[in-house]
>>> print(open('my_file.cif').read())   # mmCIF, C-alpha atoms and all ligand atoms
data_query
loop_
_atom_site.group_PDB
_atom_site.id
_atom_site.type_symbol
_atom_site.label_atom_id
_atom_site.label_comp_id
_atom_site.auth_asym_id
_atom_site.auth_seq_id
_atom_site.Cartn_x
_atom_site.Cartn_y
_atom_site.Cartn_z
ATOM 1 C CA MET A 1 0.000 0.000 0.000
ATOM 2 C CA SER A 2 1.384 3.440 -0.928
ATOM 3 C CA ALA A 3 2.120 6.054 1.744
ATOM 4 C CA PRO A 4 -0.821 8.292 2.598
ATOM 5 C CA LEU A 5 -0.609 11.689 0.963
ATOM 6 C CA LEU A 6 -1.487 13.336 4.259
ATOM 7 C CA GLU A 7 -1.308 11.731 7.673
ATOM 8 C CA PHE A 8 -2.061 13.073 11.127
ATOM 9 C CA ASP A 9 -0.592 10.823 13.775
ATOM 10 C CA ASP A 10 -1.838 11.534 17.318
ATOM 11 C CA VAL A 11 -1.990 15.274 16.628
ATOM 12 C CA SER A 12 -2.993 17.689 19.382
ATOM 13 C CA PHE A 13 -3.331 21.439 19.139
ATOM 14 C CA ALA A 14 -4.411 24.353 21.328
ATOM 15 C CA TYR A 15 -4.364 28.085 20.614
ATOM 16 C CA GLN A 16 -4.257 28.783 24.341
ATOM 17 C CA PRO A 17 -2.905 26.716 27.230
ATOM 18 C CA ARG A 18 -5.372 24.193 28.652
ATOM 19 C CA ARG A 19 -7.908 24.850 25.878
ATOM 20 C CA PRO A 20 -7.390 21.976 23.459
ATOM 21 C CA ILE A 21 -9.036 22.384 20.066
ATOM 22 C CA LEU A 22 -7.875 19.049 18.639
ATOM 23 C CA ALA A 23 -6.807 16.163 20.854
ATOM 24 C CA ARG A 24 -4.955 13.062 19.677
ATOM 25 C CA VAL A 25 -6.266 13.186 16.132
ATOM 26 C CA ASP A 26 -5.445 10.488 13.603
ATOM 27 C CA LEU A 27 -6.365 11.175 9.999
ATOM 28 C CA ARG A 28 -5.281 9.699 6.718
ATOM 29 C CA VAL A 29 -5.870 11.019 3.207
ATOM 30 C CA ASP A 30 -4.859 8.672 0.411
ATOM 31 C CA PRO A 31 -3.803 9.802 -3.055
ATOM 32 C CA GLY A 32 -6.834 10.279 -5.273
ATOM 33 C CA GLN A 33 -9.284 10.525 -2.391
ATOM 34 C CA ARG A 34 -12.097 13.056 -2.236
ATOM 35 C CA LEU A 35 -12.562 13.848 1.426
ATOM 36 C CA ALA A 36 -15.309 16.086 2.796
ATOM 37 C CA VAL A 37 -14.728 17.487 6.280
ATOM 38 C CA LEU A 38 -17.885 18.291 8.194
ATOM 39 C CA GLY A 39 -18.455 19.662 11.648
ATOM 40 C CA PRO A 40 -20.212 22.343 13.676
ATOM 41 C CA ASN A 41 -19.093 25.972 13.756
ATOM 42 C CA GLY A 42 -16.038 26.158 15.982
ATOM 43 C CA GLY A 43 -15.530 22.398 15.691
ATOM 44 C CA GLY A 44 -11.959 22.762 14.435
ATOM 45 C CA LYS A 45 -12.145 22.290 10.630
ATOM 46 C CA THR A 46 -10.127 25.401 9.825
ATOM 47 C CA THR A 47 -7.635 24.523 12.560
ATOM 48 C CA LEU A 48 -7.256 21.022 11.094
ATOM 49 C CA PHE A 49 -6.634 22.486 7.640
ATOM 50 C CA ARG A 50 -4.092 25.016 8.917
ATOM 51 C CA LEU A 51 -2.223 22.169 10.595
ATOM 52 C CA ALA A 52 -2.299 20.210 7.322
ATOM 53 C CA ALA A 53 -0.880 23.184 5.424
ATOM 54 C CA GLY A 54 1.884 23.839 7.973
ATOM 55 C CA ALA A 55 0.397 27.211 8.994
ATOM 56 C CA LEU A 56 0.072 25.824 12.526
ATOM 57 C CA ARG A 57 2.405 23.443 14.275
ATOM 58 C CA PRO A 58 1.021 20.602 16.404
ATOM 59 C CA ALA A 59 1.640 20.727 20.138
ATOM 60 C CA GLY A 60 1.846 16.946 20.093
ATOM 61 C CA GLY A 61 1.998 14.246 17.457
ATOM 62 C CA GLN A 62 3.043 14.589 13.865
ATOM 63 C CA VAL A 63 1.773 15.693 10.476
ATOM 64 C CA ALA A 64 3.349 13.933 7.485
ATOM 65 C CA VAL A 65 2.952 14.541 3.767
ATOM 66 C CA GLY A 66 3.824 11.760 1.337
ATOM 67 C CA GLY A 67 5.172 9.755 4.267
ATOM 68 C CA ILE A 68 7.642 12.498 5.269
ATOM 69 C CA PRO A 69 7.097 14.488 8.501
ATOM 70 C CA VAL A 70 6.584 18.212 7.914
ATOM 71 C CA ARG A 71 9.662 20.298 8.767
ATOM 72 C CA TYR A 72 8.747 23.656 10.288
ATOM 73 C CA THR A 73 11.665 25.532 8.774
ATOM 74 C CA ARG A 74 11.562 28.051 5.920
ATOM 75 C CA ALA A 75 12.858 25.424 3.495
ATOM 76 C CA GLY A 76 10.578 22.716 4.888
ATOM 77 C CA LEU A 77 7.460 24.846 4.609
ATOM 78 C CA ARG A 78 8.440 25.967 1.129
ATOM 79 C CA GLU A 79 8.655 22.302 0.125
ATOM 80 C CA LEU A 80 5.293 21.658 1.767
ATOM 81 C CA ARG A 81 3.630 24.474 -0.195
ATOM 82 C CA GLN A 82 4.607 22.796 -3.446
ATOM 83 C CA GLN A 83 2.653 19.717 -2.387
ATOM 84 C CA VAL A 84 -0.175 21.078 -0.276
ATOM 85 C CA GLN A 85 -2.179 24.204 -1.011
ATOM 86 C CA LEU A 86 -4.825 25.572 1.322
ATOM 87 C CA VAL A 87 -7.540 27.906 0.076
ATOM 88 C CA VAL A 88 -8.719 29.727 3.189
ATOM 89 C CA GLN A 89 -12.334 30.285 4.156
ATOM 90 C CA ASP A 90 -12.388 34.045 3.547
ATOM 91 C CA PRO A 91 -10.886 35.064 0.187
ATOM 92 C CA ASP A 92 -9.973 38.473 1.642
ATOM 93 C CA ASP A 93 -7.409 36.679 3.801
ATOM 94 C CA GLN A 94 -5.808 35.274 0.667
ATOM 95 C CA LEU A 95 -5.882 37.952 -2.045
ATOM 96 C CA PHE A 96 -3.453 40.816 -1.646
ATOM 97 C CA SER A 97 -2.014 41.651 -5.072
ATOM 98 C CA ALA A 98 -3.208 44.596 -7.118
ATOM 99 C CA ASN A 99 -4.909 42.564 -9.816
ATOM 100 C CA VAL A 100 -6.115 39.039 -10.522
ATOM 101 C CA ARG A 101 -3.230 37.952 -12.747
ATOM 102 C CA GLN A 102 -0.638 39.175 -10.257
ATOM 103 C CA ASP A 103 -2.383 37.367 -7.455
ATOM 104 C CA VAL A 104 -2.622 34.037 -9.254
ATOM 105 C CA SER A 105 1.003 34.388 -10.429
ATOM 106 C CA PHE A 106 2.317 35.140 -6.956
ATOM 107 C CA GLY A 107 2.960 31.538 -5.885
ATOM 108 C CA PRO A 108 4.588 30.379 -9.142
ATOM 109 C CA VAL A 109 6.758 33.540 -9.232
ATOM 110 C CA ASN A 110 7.860 32.751 -5.679
ATOM 111 C CA LEU A 111 8.851 29.256 -6.769
ATOM 112 C CA GLY A 112 11.360 30.971 -9.070
ATOM 113 C CA LEU A 113 9.757 29.603 -12.255
ATOM 114 C CA PRO A 114 10.646 31.240 -15.595
ATOM 115 C CA ALA A 115 8.220 33.979 -16.701
ATOM 116 C CA GLU A 116 6.808 31.940 -19.583
ATOM 117 C CA GLN A 117 5.993 29.017 -17.287
ATOM 118 C CA VAL A 118 4.385 31.350 -14.748
ATOM 119 C CA ARG A 119 2.234 32.793 -17.513
ATOM 120 C CA ARG A 120 1.150 29.363 -18.720
ATOM 121 C CA ARG A 121 0.281 28.151 -15.224
ATOM 122 C CA CYS A 122 -1.609 31.349 -14.492
ATOM 123 C CA ASP A 123 -3.601 31.239 -17.749
ATOM 124 C CA ALA A 124 -4.512 27.583 -17.192
ATOM 125 C CA ALA A 125 -5.622 28.221 -13.594
ATOM 126 C CA LEU A 126 -7.679 31.275 -14.594
ATOM 127 C CA ALA A 127 -9.353 29.237 -17.340
ATOM 128 C CA ALA A 128 -10.025 26.290 -15.000
ATOM 129 C CA LEU A 129 -11.846 28.590 -12.576
ATOM 130 C CA GLY A 130 -13.669 30.497 -15.330
ATOM 131 C CA VAL A 131 -12.081 33.840 -14.494
ATOM 132 C CA SER A 132 -9.880 34.472 -17.564
ATOM 133 C CA ALA A 133 -12.073 37.413 -18.586
ATOM 134 C CA ILE A 134 -11.270 39.304 -15.370
ATOM 135 C CA ALA A 135 -7.520 38.585 -15.354
ATOM 136 C CA GLU A 136 -6.536 42.256 -15.438
ATOM 137 C CA ARG A 137 -9.187 43.480 -12.978
ATOM 138 C CA PRO A 138 -8.139 44.941 -9.608
ATOM 139 C CA THR A 139 -8.840 42.352 -6.912
ATOM 140 C CA HIS A 140 -10.637 44.879 -4.688
ATOM 141 C CA LEU A 141 -13.311 45.356 -7.367
ATOM 142 C CA LEU A 142 -14.262 41.672 -7.555
ATOM 143 C CA SER A 143 -17.517 40.239 -6.263
ATOM 144 C CA TYR A 144 -17.351 37.740 -3.403
ATOM 145 C CA GLY A 145 -17.818 34.713 -5.691
ATOM 146 C CA GLN A 146 -15.176 36.023 -8.083
ATOM 147 C CA ARG A 147 -12.730 36.508 -5.198
ATOM 148 C CA LYS A 148 -13.396 32.935 -4.071
ATOM 149 C CA ARG A 149 -12.625 31.620 -7.544
ATOM 150 C CA VAL A 150 -9.487 33.733 -7.905
ATOM 151 C CA ALA A 151 -8.250 32.489 -4.515
ATOM 152 C CA ILE A 152 -8.739 28.900 -5.718
ATOM 153 C CA ALA A 153 -7.002 29.700 -9.013
ATOM 154 C CA GLY A 154 -3.982 30.913 -7.031
ATOM 155 C CA ALA A 155 -3.758 27.544 -5.284
ATOM 156 C CA VAL A 156 -4.351 25.582 -8.498
ATOM 157 C CA ALA A 157 -1.508 27.476 -10.226
ATOM 158 C CA MET A 158 0.863 25.906 -7.691
ATOM 159 C CA HIS A 159 0.037 22.435 -9.096
ATOM 160 C CA PRO A 160 -0.376 20.909 -5.631
ATOM 161 C CA ARG A 161 -0.747 17.165 -5.091
ATOM 162 C CA LEU A 162 -3.211 17.967 -2.327
ATOM 163 C CA LEU A 163 -5.678 20.836 -2.616
ATOM 164 C CA ILE A 164 -7.483 21.757 0.595
ATOM 165 C CA LEU A 165 -10.469 24.075 0.342
ATOM 166 C CA ASP A 166 -12.066 25.598 3.435
ATOM 167 C CA GLU A 167 -15.795 26.010 2.705
ATOM 168 C CA PRO A 168 -15.259 26.686 -0.997
ATOM 169 C CA THR A 169 -18.962 26.729 -1.878
ATOM 170 C CA ALA A 170 -20.087 29.083 0.922
ATOM 171 C CA GLY A 171 -21.497 32.239 -0.630
ATOM 172 C CA LEU A 172 -21.477 30.937 -4.214
ATOM 173 C CA ASP A 173 -24.651 31.034 -6.285
ATOM 174 C CA PRO A 174 -26.030 27.623 -7.423
ATOM 175 C CA ALA A 175 -24.447 27.916 -10.881
ATOM 176 C CA GLY A 176 -21.168 28.866 -9.194
ATOM 177 C CA VAL A 177 -21.365 25.755 -6.992
ATOM 178 C CA GLU A 178 -21.970 23.542 -10.050
ATOM 179 C CA ALA A 179 -19.084 25.177 -11.919
ATOM 180 C CA LEU A 180 -16.791 24.704 -8.922
ATOM 181 C CA LEU A 181 -17.734 21.025 -8.600
ATOM 182 C CA ARG A 182 -16.958 20.518 -12.298
ATOM 183 C CA THR A 183 -13.583 22.211 -11.801
ATOM 184 C CA LEU A 184 -12.845 19.998 -8.794
ATOM 185 C CA ASP A 185 -13.796 16.938 -10.864
ATOM 186 C CA ASP A 186 -11.394 18.028 -13.617
ATOM 187 C CA LEU A 187 -8.597 18.588 -11.094
ATOM 188 C CA HIS A 188 -9.334 15.241 -9.499
ATOM 189 C CA THR A 189 -9.259 13.502 -12.888
ATOM 190 C CA ALA A 190 -5.913 15.186 -13.567
ATOM 191 C CA GLY A 191 -4.558 13.578 -10.390
ATOM 192 C CA THR A 192 -5.101 16.180 -7.645
ATOM 193 C CA THR A 193 -6.314 14.889 -4.290
ATOM 194 C CA VAL A 194 -8.992 17.205 -2.929
ATOM 195 C CA VAL A 195 -10.139 17.835 0.645
ATOM 196 C CA LEU A 196 -12.885 20.328 1.361
ATOM 197 C CA SER A 197 -14.962 21.431 4.306
ATOM 198 C CA THR A 198 -18.648 22.143 4.033
ATOM 199 C CA HIS A 199 -21.832 22.382 6.077
ATOM 200 C CA ASP A 200 -23.785 21.067 3.102
ATOM 201 C CA VAL A 201 -24.371 17.390 3.747
ATOM 202 C CA ASP A 202 -26.032 16.886 0.348
ATOM 203 C CA LEU A 203 -22.966 18.296 -1.339
ATOM 204 C CA ALA A 204 -20.719 15.997 0.697
ATOM 205 C CA PHE A 205 -22.888 13.039 -0.205
ATOM 206 C CA ARG A 206 -22.774 13.892 -3.857
ATOM 207 C CA TRP A 207 -19.103 14.803 -4.168
ATOM 208 C CA ALA A 208 -17.055 12.923 -1.577
ATOM 209 C CA ASP A 209 -15.925 9.340 -1.327
ATOM 210 C CA ALA A 210 -15.009 9.676 2.343
ATOM 211 C CA VAL A 211 -16.106 11.932 5.159
ATOM 212 C CA ALA A 212 -14.424 13.185 8.326
ATOM 213 C CA VAL A 213 -16.385 14.804 11.121
ATOM 214 C CA VAL A 214 -14.514 17.261 13.340
ATOM 215 C CA SER A 215 -16.160 17.979 16.686
ATOM 216 C CA GLY A 216 -15.466 17.904 20.397
ATOM 217 C CA GLY A 217 -11.698 17.865 19.868
ATOM 218 C CA GLY A 218 -11.733 14.702 17.779
ATOM 219 C CA VAL A 219 -11.965 13.681 14.151
ATOM 220 C CA ARG A 220 -14.047 10.726 13.151
ATOM 221 C CA THR A 221 -13.510 9.399 9.648
ATOM 222 C CA VAL A 222 -16.188 7.539 7.786
ATOM 223 C CA ALA A 223 -14.823 5.492 4.944
ATOM 224 C CA THR A 224 -17.827 5.979 2.684
ATOM 225 C CA VAL A 225 -20.402 8.713 2.420
ATOM 226 C CA ASP A 226 -23.145 6.203 3.195
ATOM 227 C CA GLY A 227 -22.049 6.625 6.816
ATOM 228 C CA LEU A 228 -23.638 10.058 6.588
ATOM 229 C CA ALA A 229 -26.962 8.445 7.333
ATOM 230 C CA ASP A 230 -25.790 7.740 10.927
ATOM 231 C CA PRO A 231 -27.959 9.933 13.217
ATOM 232 C CA ALA A 232 -25.270 10.143 15.949
ATOM 233 C CA LEU A 233 -22.695 11.366 13.443
ATOM 234 C CA LEU A 234 -25.102 13.933 12.031
ATOM 235 C CA ALA A 235 -25.975 15.223 15.498
ATOM 236 C CA ALA A 236 -22.270 15.588 16.389
ATOM 237 C CA ALA A 237 -21.703 17.612 13.232
ATOM 238 C CA HIS A 238 -24.856 19.756 13.657
ATOM 239 C CA LEU A 239 -26.063 18.534 10.277
ATOM 240 C CA ALA A 240 -29.448 17.832 8.788
ATOM 241 C CA PRO A 241 -29.713 14.367 7.193
ATOM 242 C CA ALA A 242 -28.904 14.122 3.505
ATOM 243 C CA TRP A 243 -31.914 13.319 1.338
ATOM 244 C CA ALA A 244 -30.100 10.670 -0.699
ATOM 245 C CA PRO A 245 -29.804 7.745 1.793
ATOM 246 C CA LEU A 246 -33.552 7.885 2.542
ATOM 247 C CA VAL A 247 -34.491 8.256 -1.131
ATOM 248 C CA HIS A 248 -32.240 5.316 -2.043
ATOM 249 C CA ARG A 249 -34.108 3.127 0.448
ATOM 250 C CA LEU A 250 -37.451 4.285 -0.955
ATOM 251 C CA LEU A 251 -36.314 3.633 -4.546
ATOM 252 C CA ASP A 252 -35.395 0.097 -3.544
ATOM 253 C CA ARG A 253 -39.076 -0.509 -2.784
ATOM 254 C CA ILE A 254 -40.038 0.289 -6.386
ATOM 255 C CA PRO A 255 -39.064 -2.750 -8.478
ATOM 256 C CA ALA A 256 -38.281 -0.773 -11.651
ATOM 257 C CA LEU A 257 -35.996 1.607 -9.756
ATOM 258 C CA ALA A 258 -34.467 -0.709 -7.143
ATOM 259 C CA GLY A 259 -30.713 -0.285 -6.878
ATOM 260 C CA ALA A 260 -30.699 3.199 -8.443
ATOM 261 C CA ARG A 261 -28.388 5.538 -6.548
ATOM 262 C CA PRO A 262 -28.933 9.118 -7.703
ATOM 263 C CA ARG A 263 -26.604 11.571 -5.946
ATOM 264 C CA ALA A 264 -28.088 14.804 -7.221
ATOM 265 C CA VAL A 265 -31.711 15.944 -7.460
ATOM 266 C CA ALA A 266 -31.399 16.288 -11.255
ATOM 267 C CA GLU A 267 -30.339 12.611 -11.455
ATOM 268 C CA LEU A 268 -33.333 11.585 -9.344
ATOM 269 C CA ALA A 269 -35.683 13.638 -11.527
ATOM 270 C CA ALA A 270 -34.241 12.046 -14.681
ATOM 271 C CA LEU A 271 -34.774 8.557 -13.246
ATOM 272 C CA LEU A 272 -38.356 9.279 -12.269
ATOM 273 C CA ASN A 273 -39.045 10.893 -15.615
ATOM 274 C CA ASP A 274 -37.703 7.833 -17.436
ATOM 275 C CA ALA A 275 -39.974 5.597 -15.333
ATOM 276 C CA ALA A 276 -43.060 7.793 -15.700
ATOM 277 C CA PRO A 277 -42.441 10.594 -18.222
ATOM 278 C CA LEU A 278 -44.170 13.912 -17.716
ATOM 279 C CA ASN A 279 -44.705 14.330 -21.466
ATOM 280 C CA ASP A 280 -45.029 18.070 -21.261
ATOM 281 C CA ALA A 281 -42.932 21.080 -22.092
ATOM 282 C CA ALA A 282 -41.729 21.435 -18.501
ATOM 283 C CA SER A 283 -39.977 18.063 -18.624
ATOM 284 C CA ASP A 284 -38.163 19.138 -21.817
ATOM 285 C CA ASP A 285 -36.780 22.110 -19.930
ATOM 286 C CA ARG A 286 -35.182 19.945 -17.315
HETATM 287 N N1 LIG A 301 -6.419 32.342 16.479
HETATM 288 C C1 LIG A 301 -7.195 31.777 17.412
HETATM 289 N N2 LIG A 301 -6.975 32.002 18.726
HETATM 290 C C2 LIG A 301 -7.748 31.431 19.683
HETATM 291 N N3 LIG A 301 -8.753 30.585 19.413
HETATM 292 C C3 LIG A 301 -9.021 30.325 18.140
HETATM 293 C C4 LIG A 301 -8.265 30.898 17.058
HETATM 294 N N4 LIG A 301 -8.768 30.459 15.892
HETATM 295 C C5 LIG A 301 -9.787 29.631 16.208
HETATM 296 N N5 LIG A 301 -9.946 29.547 17.553
HETATM 297 C C6 LIG A 301 -10.937 28.713 18.269
HETATM 298 O O1 LIG A 301 -10.729 27.352 17.871
HETATM 299 C C7 LIG A 301 -11.975 26.659 17.769
HETATM 300 C C8 LIG A 301 -12.044 25.986 16.393
HETATM 301 O O2 LIG A 301 -12.122 27.005 15.416
HETATM 302 P P1 LIG A 301 -12.090 26.687 13.864
HETATM 303 O O3 LIG A 301 -12.016 27.980 13.156
HETATM 304 O O4 LIG A 301 -11.019 25.681 13.589
HETATM 305 O O5 LIG A 301 -13.516 25.992 13.654
HETATM 306 P P2 LIG A 301 -14.326 25.639 12.323
HETATM 307 O O6 LIG A 301 -14.764 24.223 12.461
HETATM 308 O O7 LIG A 301 -13.499 25.982 11.155
HETATM 309 O O8 LIG A 301 -15.598 26.588 12.441
HETATM 310 P P3 LIG A 301 -16.493 27.279 11.269
HETATM 311 O O9 LIG A 301 -17.462 26.219 10.795
HETATM 312 O O10 LIG A 301 -17.209 28.363 12.008
HETATM 313 O O11 LIG A 301 -15.572 27.791 10.206
HETATM 314 C C9 LIG A 301 -13.058 27.691 18.026
HETATM 315 O O12 LIG A 301 -13.476 27.550 19.357
HETATM 316 C C10 LIG A 301 -12.366 29.019 17.837
HETATM 317 O O13 LIG A 301 -12.921 30.023 18.652
HETATM 318 MG MG MG A 302 -13.741 27.273 9.618
#
>>> encode(input="my_file.cif", output="structure tokens", more="lines below")
Ligand SMILES: Nc1ncnc2c1ncn2[C@@H]1O[C@H](COP(=O)(O)OP(=O)(O)OP(=O)(O)O)[C@@H](O)[C@H]1O
Ligand SMILES: [Mg+2]
Amino acid sequence: MSAPLLEFDDVSFAYQPRRPILARVDLRVDPGQRLAVLGPNGGGKTTLFRLAAGALRPAGGQVAVGGIPVRYTRAGLRELRQQVQLVVQDPDDQLFSANVRQDVSFGPVNLGLPAEQVRRRCDAALAALGVSAIAERPTHLLSYGQRKRVAIAGAVAMHPRLLILDEPTAGLDPAGVEALLRTLDDLHTAGTTVVLSTHDVDLAFRWADAVAVVSGGGVRTVATVDGLADPALLAAAHLAPAWAPLVHRLLDRIPALAGARPRAVAELAALLNDAAPLNDAASDDR
């Protein structure tokens, strides 16, 4: 078995003495995994991500990337940034250059890459996030959703093996969420391992192949998203149940649809329409 891409081994962390935020956490992210991190407000998701990206150092235990423990030196953290990129929750904490192109180029320029390579990486990242048209725009004039996308483009331009996104869909309009999920699928297909946090259990169910719940100082990993139907887990994460596990059970009671596993409402609607077509204009607009 290959080394995990990211591994927390007995990691503890506190911002203040005697106020542990994470206690003795074990977590493993394998190459190619899509991990959704869920948990209540203040549960420790952002703290977990900052530990993974080397922005915080554990008080106890060890964080390793690609089987190698993180070194908290300038050189060590520089190495880490080439493998792990964190897109923070609030894009205003991430964007600081005068315009979009400069911001997305910042990381690659810092790696010391030749100008032509920086340009290519930047153009590709802008295109992947659908923000090529605003490349020359001042960052302070962008809308919230645009700033979110530009912040992600900056991380993507670093070509990380592991991309960690802290609540990337918060504040995006529905079309923006769909576009982001398509981008994440493309990155995943191209070999990037993606971890994201969300409060949207339906999104986790649809997108992830594993789930970790961060609450009460601990992290509980569920190997498959089907574990999201567990009421105790949902209560710990302050989450409403996903619709999909219940709907899957109901579909199993209809012989023609038994075994169908739609993960998005549009997929469910298509299935039902195939079984009993609406035969009107509305169904053509689907
Ligand atoms: N810089 C800091 N100094 C002191 N305490 C902090 C600091 N940052 C976070 N905390 C505390 O750590 C705990 C975990 O916060 P964290 O931001 O990791 O949670 P979260 O799961 O990301 O929450 P949310 O869903 O609201 O983003 C909270 O109690 C928070 O108040
Ligand atoms: Mg957070």
>>> residues_around(input="my_file.cif", residues="stretch 143-156 of chain A", least_positions_apart="2", cutoff="9 Å", atoms="all atoms listed in the file", output="MDAnalysis selection string")
chainID A and resid 84:92 94:95 100:101 103:108 121:122 124:131 134 139:141 158:160 163 165 168:173 176 180 187
>>> closest_residue(input="my_file.cif", among="A:Asp209, A:Asp202, A:Asp252, A:Glu267", to="A:Ala240", atoms="all atoms listed in the file")
A:Asp202
>>> residues_near_ligand(input="my_file.cif", ligand="ligand MG 302 (chain A)", cutoff="12 Å", atoms="only C-alpha atoms and all ligand atoms", output="VMD selection string")
chain A and resid 37 to 50 87 to 90 165 to 168 170 196 to 199 214 to 215
>>> atom_distance(input="my_file.cif", atom1="atom CA of A:Leu6", atom2="atom CA of A:Leu234")
24.9 Å
>>> resolve_selection(input="my_file.cif", expression="the PyMOL selection byres (((chain A and resi 222) around 12) and not hetatm)", output="PyMOL selection string")
chain A and resi 27-29+35-38+204-205+208-214+219-221+223-230+233-234
>>> write_last_selection(input="my_file.cif", atoms="C-alpha atoms", output="PDB file, keeping the file's coordinate frame")
ATOM      1  CA  LEU A  27      -6.365  11.175   9.999  1.00  0.00           C
ATOM      2  CA  ARG A  28      -5.281   9.699   6.718  1.00  0.00           C
ATOM      3  CA  VAL A  29      -5.870  11.019   3.207  1.00  0.00           C
ATOM      4  CA  LEU A  35     -12.562  13.848   1.426  1.00  0.00           C
ATOM      5  CA  ALA A  36     -15.309  16.086   2.796  1.00  0.00           C
ATOM      6  CA  VAL A  37     -14.728  17.487   6.280  1.00  0.00           C
ATOM      7  CA  LEU A  38     -17.885  18.291   8.194  1.00  0.00           C
ATOM      8  CA  ALA A 204     -20.719  15.997   0.697  1.00  0.00           C
ATOM      9  CA  PHE A 205     -22.888  13.039  -0.205  1.00  0.00           C
ATOM     10  CA  ALA A 208     -17.055  12.923  -1.577  1.00  0.00           C
ATOM     11  CA  ASP A 209     -15.925   9.340  -1.327  1.00  0.00           C
ATOM     12  CA  ALA A 210     -15.009   9.676   2.343  1.00  0.00           C
ATOM     13  CA  VAL A 211     -16.106  11.932   5.159  1.00  0.00           C
ATOM     14  CA  ALA A 212     -14.424  13.185   8.326  1.00  0.00           C
ATOM     15  CA  VAL A 213     -16.385  14.804  11.121  1.00  0.00           C
ATOM     16  CA  VAL A 214     -14.514  17.261  13.340  1.00  0.00           C
ATOM     17  CA  VAL A 219     -11.965  13.681  14.151  1.00  0.00           C
ATOM     18  CA  ARG A 220     -14.047  10.726  13.151  1.00  0.00           C
ATOM     19  CA  THR A 221     -13.510   9.399   9.648  1.00  0.00           C
ATOM     20  CA  ALA A 223     -14.823   5.492   4.944  1.00  0.00           C
ATOM     21  CA  THR A 224     -17.827   5.979   2.684  1.00  0.00           C
ATOM     22  CA  VAL A 225     -20.402   8.713   2.420  1.00  0.00           C
ATOM     23  CA  ASP A 226     -23.145   6.203   3.195  1.00  0.00           C
ATOM     24  CA  GLY A 227     -22.049   6.625   6.816  1.00  0.00           C
ATOM     25  CA  LEU A 228     -23.638  10.058   6.588  1.00  0.00           C
ATOM     26  CA  ALA A 229     -26.962   8.445   7.333  1.00  0.00           C
ATOM     27  CA  ASP A 230     -25.790   7.740  10.927  1.00  0.00           C
ATOM     28  CA  LEU A 233     -22.695  11.366  13.443  1.00  0.00           C
ATOM     29  CA  LEU A 234     -25.102  13.933  12.031  1.00  0.00           C
TER      30      LEU A 234
END
>>> residues_around(input="my_file.cif", residues="stretch 60-70 of chain A", least_positions_apart="3", cutoff="8 Å", atoms="all atoms listed in the file", output="number ranges by chain")
A: 3-13, 24, 51-52, 54, 76-77, 80
>>> write_last_selection(input="my_file.cif", atoms="C-alpha atoms", output="mmCIF file, in the frame of the given file")
data_model
loop_
_atom_site.group_PDB
_atom_site.id
_atom_site.type_symbol
_atom_site.label_atom_id
_atom_site.label_comp_id
_atom_site.auth_asym_id
_atom_site.auth_seq_id
_atom_site.Cartn_x
_atom_site.Cartn_y
_atom_site.Cartn_z
ATOM 1 C CA ALA A 3 2.120 6.054 1.744
ATOM 2 C CA PRO A 4 -0.821 8.292 2.598
ATOM 3 C CA LEU A 5 -0.609 11.689 0.963
ATOM 4 C CA LEU A 6 -1.487 13.336 4.259
ATOM 5 C CA GLU A 7 -1.308 11.731 7.673
ATOM 6 C CA PHE A 8 -2.061 13.073 11.127
ATOM 7 C CA ASP A 9 -0.592 10.823 13.775
ATOM 8 C CA ASP A 10 -1.838 11.534 17.318
ATOM 9 C CA VAL A 11 -1.990 15.274 16.628
ATOM 10 C CA SER A 12 -2.993 17.689 19.382
ATOM 11 C CA PHE A 13 -3.331 21.439 19.139
ATOM 12 C CA ARG A 24 -4.955 13.062 19.677
ATOM 13 C CA LEU A 51 -2.223 22.169 10.595
ATOM 14 C CA ALA A 52 -2.299 20.210 7.322
ATOM 15 C CA GLY A 54 1.884 23.839 7.973
ATOM 16 C CA GLY A 76 10.578 22.716 4.888
ATOM 17 C CA LEU A 77 7.460 24.846 4.609
ATOM 18 C CA LEU A 80 5.293 21.658 1.767
#
